[in-house]
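What follows is the content of model.cif, which has mmCIF, C-alpha atoms:
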data_coords
loop_
_atom_site.label_atom_id
_atom_site.label_comp_id
_atom_site.auth_asym_id
_atom_site.auth_seq_id
_atom_site.Cartn_x
_atom_site.Cartn_y
_atom_site.Cartn_z
CA MET A 256 0.00 0.00 0.00
CA LYS A 257 2.88 2.34 0.83
CA ASN A 258 4.42 1.64 -2.59
CA LEU A 259 1.14 2.65 -4.31
CA SER A 260 1.00 5.91 -2.34
CA VAL A 261 4.55 6.78 -3.37
CA LYS A 262 3.74 6.09 -7.04
CA ILE A 263 0.61 8.27 -6.89
CA ALA A 264 2.52 11.11 -5.20
CA LEU A 265 5.26 10.88 -7.83
CA PHE A 266 2.70 10.89 -10.65
CA VAL A 267 0.92 13.97 -9.23
CA THR A 268 4.25 15.79 -8.82
CA ILE A 269 5.27 15.07 -12.40
CA VAL A 270 1.91 16.16 -13.82
CA ALA A 271 1.92 19.34 -11.71
CA SER A 272 5.44 20.23 -12.83
CA LEU A 273 4.55 19.71 -16.49
CA PHE A 274 1.30 21.66 -16.53
CA GLY A 275 1.31 23.88 -13.44
CA THR A 276 3.92 26.37 -14.60
CA ARG A 277 3.10 26.53 -18.29
CA LYS A 278 2.16 29.90 -19.70
CA PRO A 279 -0.73 30.12 -22.15
CA HIS A 280 0.33 29.56 -25.74
CA PHE A 281 -0.63 32.43 -28.03
CA THR A 282 -0.29 32.31 -31.78
CA ASN A 283 1.29 35.34 -33.41
CA GLU A 284 -2.22 36.62 -34.14
CA MET A 285 -3.33 36.20 -30.51
CA LYS A 286 -0.52 38.16 -28.82
CA LEU A 287 -1.71 40.23 -25.88
CA ASP A 288 -0.54 43.36 -27.72
CA ASN A 289 -3.18 42.63 -30.38
CA LEU A 290 -6.07 42.69 -27.89
CA TYR A 291 -8.00 45.82 -27.00
CA PRO A 292 -11.28 46.70 -25.26
CA THR A 293 -14.17 48.59 -26.79
CA THR A 294 -17.62 49.63 -25.65
CA ALA A 295 -20.66 49.42 -27.91
CA PHE A 296 -24.44 49.74 -28.02
CA VAL A 297 -26.84 47.15 -29.41
CA THR A 298 -28.38 48.70 -32.52
CA GLU A 299 -30.20 45.76 -34.14
CA LEU A 300 -31.30 42.21 -33.32
CA ASP A 301 -31.74 39.58 -36.01
CA TYR A 302 -33.55 36.76 -34.22
CA GLU A 303 -33.88 34.65 -37.38
CA ASN A 304 -30.09 34.43 -37.77
CA ASP A 305 -29.33 34.78 -34.02
CA LEU A 306 -27.19 37.90 -34.66
CA VAL A 307 -26.68 40.93 -32.42
CA TYR A 308 -25.49 44.05 -34.25
CA ILE A 309 -23.57 46.61 -32.23
CA THR A 310 -22.01 50.00 -32.91
CA ASP A 311 -18.94 51.00 -30.96
CA THR A 312 -18.11 54.48 -29.73
CA ASN A 313 -16.01 55.09 -32.87
CA GLY A 314 -19.01 54.36 -35.11
CA HIS A 315 -17.80 50.93 -36.29
CA CYS A 316 -20.47 48.24 -36.64
CA TRP A 317 -19.88 44.67 -35.48
CA SER A 318 -21.98 41.58 -34.93
CA PHE A 319 -21.91 38.45 -32.81
CA TYR A 320 -24.11 35.41 -32.28
CA GLY A 321 -26.47 34.97 -29.34
CA THR A 322 -29.57 37.19 -29.27
CA GLU A 323 -31.26 35.48 -26.28
CA ASP A 324 -31.01 38.21 -23.60
CA TRP A 325 -29.97 41.27 -25.61
CA GLN A 326 -32.15 44.34 -26.19
CA ILE A 327 -31.79 47.43 -28.37
CA ASP A 328 -29.70 50.09 -26.52
CA ASP A 329 -27.99 47.55 -24.25
CA VAL A 330 -24.37 48.45 -23.59
CA CYS A 331 -21.70 45.80 -24.03
CA SER A 332 -17.98 45.64 -23.40
CA CYS A 333 -15.93 43.67 -25.89
CA ILE A 334 -12.43 42.30 -26.06
CA MET A 335 -11.26 42.67 -29.63
CA ASN A 336 -8.38 41.11 -31.57
CA ASN A 337 -6.79 43.40 -34.17
CA LYS A 338 -5.05 40.34 -35.70
CA GLY A 339 -1.79 42.29 -35.88
CA THR A 340 -2.99 44.54 -38.70
CA GLU A 341 -3.68 48.26 -38.83
CA LYS A 342 -7.02 47.73 -40.61
CA VAL A 343 -9.92 47.90 -38.18
CA PHE A 344 -12.29 46.07 -40.53
CA ASP A 345 -10.63 42.68 -40.08
CA ASP A 346 -10.75 42.88 -36.27
CA GLU A 347 -12.62 40.16 -34.43
CA ILE A 348 -14.76 40.12 -31.30
CA LEU A 349 -13.32 37.57 -28.87
CA LYS A 350 -15.51 38.17 -25.80
CA VAL A 351 -18.68 40.15 -25.09
CA ARG A 352 -20.11 41.10 -21.71
CA TYR A 353 -23.31 42.93 -20.83
CA SER A 354 -22.52 46.33 -19.28
CA GLY A 355 -25.93 47.94 -18.76
CA HIS A 356 -28.71 49.61 -20.67
CA PHE A 357 -28.66 53.10 -22.16
CA THR A 358 -31.88 55.09 -21.96
CA ARG A 359 -32.11 57.78 -24.61
CA SER A 360 -33.69 61.07 -23.68
CA GLU A 361 -35.63 62.36 -26.65
#

Kindly return the structure encoded in the file as structure tokens.
Amino acid sequence: MKNLSVKIALFVTIVASLFGTRKPHFTNEMKLDNLYPTTAFVTELDYENDLVYITDTNGHCWSFYGTEDWQIDDVCSCIMNNKGTEKVFDDEILKVRYSGHFTRSE
């Protein structure tokens, strides 16, 4: 029984040393320098295609899947990937989070 305990402890130590200190692997396109945050407002919902259309504070329009809880004028925060290029139009939304609802005064 003692021999089995030693083998299990050795196995756990080896696994922990292999995976416990590894840093995340990023491709050249996914470097942290290529990521940036943006804030946007929901401008359109396409329930048929499950698309949420948003416009960021620079006036750029984006879309992502998942209409279930979104409403027009919801505010969202996004993590974007610029893919290492200077063109904004090839950027990609990586993560979206609800950030509130904007009420327009008319």

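One finds atom CA of Lys342 of chain A at 22.7 Å from atom CA of Tyr320 of chain A.
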
Item checked: All residues 10 Å or closer to segment 329-336 of chain A, all atoms listed in the file, same chain fewer than 6 positions away omitted, as a PyMOL selection string -> chain A and resi 284-298+309-311+343+345-358

Note to self: Going by the chain IDs and residue numbers used in this file, which residues fall under the PyMOL selection byres ((chain A and resi 325) around 8)? Write them as an NGL selection string.
What the structure shows: :A and (297 or 300 or 307 or 322-324 or 326-327 or 329)

Once the PyMOL selection byres ((chain A and resi 305) around 6) has been evaluated on this model, what residues remain selected, and can you format them as a PDB file with C-alpha atoms, keeping the file's coordinate frame?
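Okay, this is what ended up in result_3.pdb:
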ATOM      1  CA  ASP A 301     -31.740  39.580 -36.010  1.00  0.00           C
ATOM      2  CA  TYR A 302     -33.550  36.760 -34.220  1.00  0.00           C
ATOM      3  CA  GLU A 303     -33.880  34.650 -37.380  1.00  0.00           C
ATOM      4  CA  ASN A 304     -30.090  34.430 -37.770  1.00  0.00           C
ATOM      5  CA  LEU A 306     -27.190  37.900 -34.660  1.00  0.00           C
ATOM      6  CA  TYR A 320     -24.110  35.410 -32.280  1.00  0.00           C
ATOM      7  CA  GLY A 321     -26.470  34.970 -29.340  1.00  0.00           C
ATOM      8  CA  THR A 322     -29.570  37.190 -29.270  1.00  0.00           C
TER       9      THR A 322
END
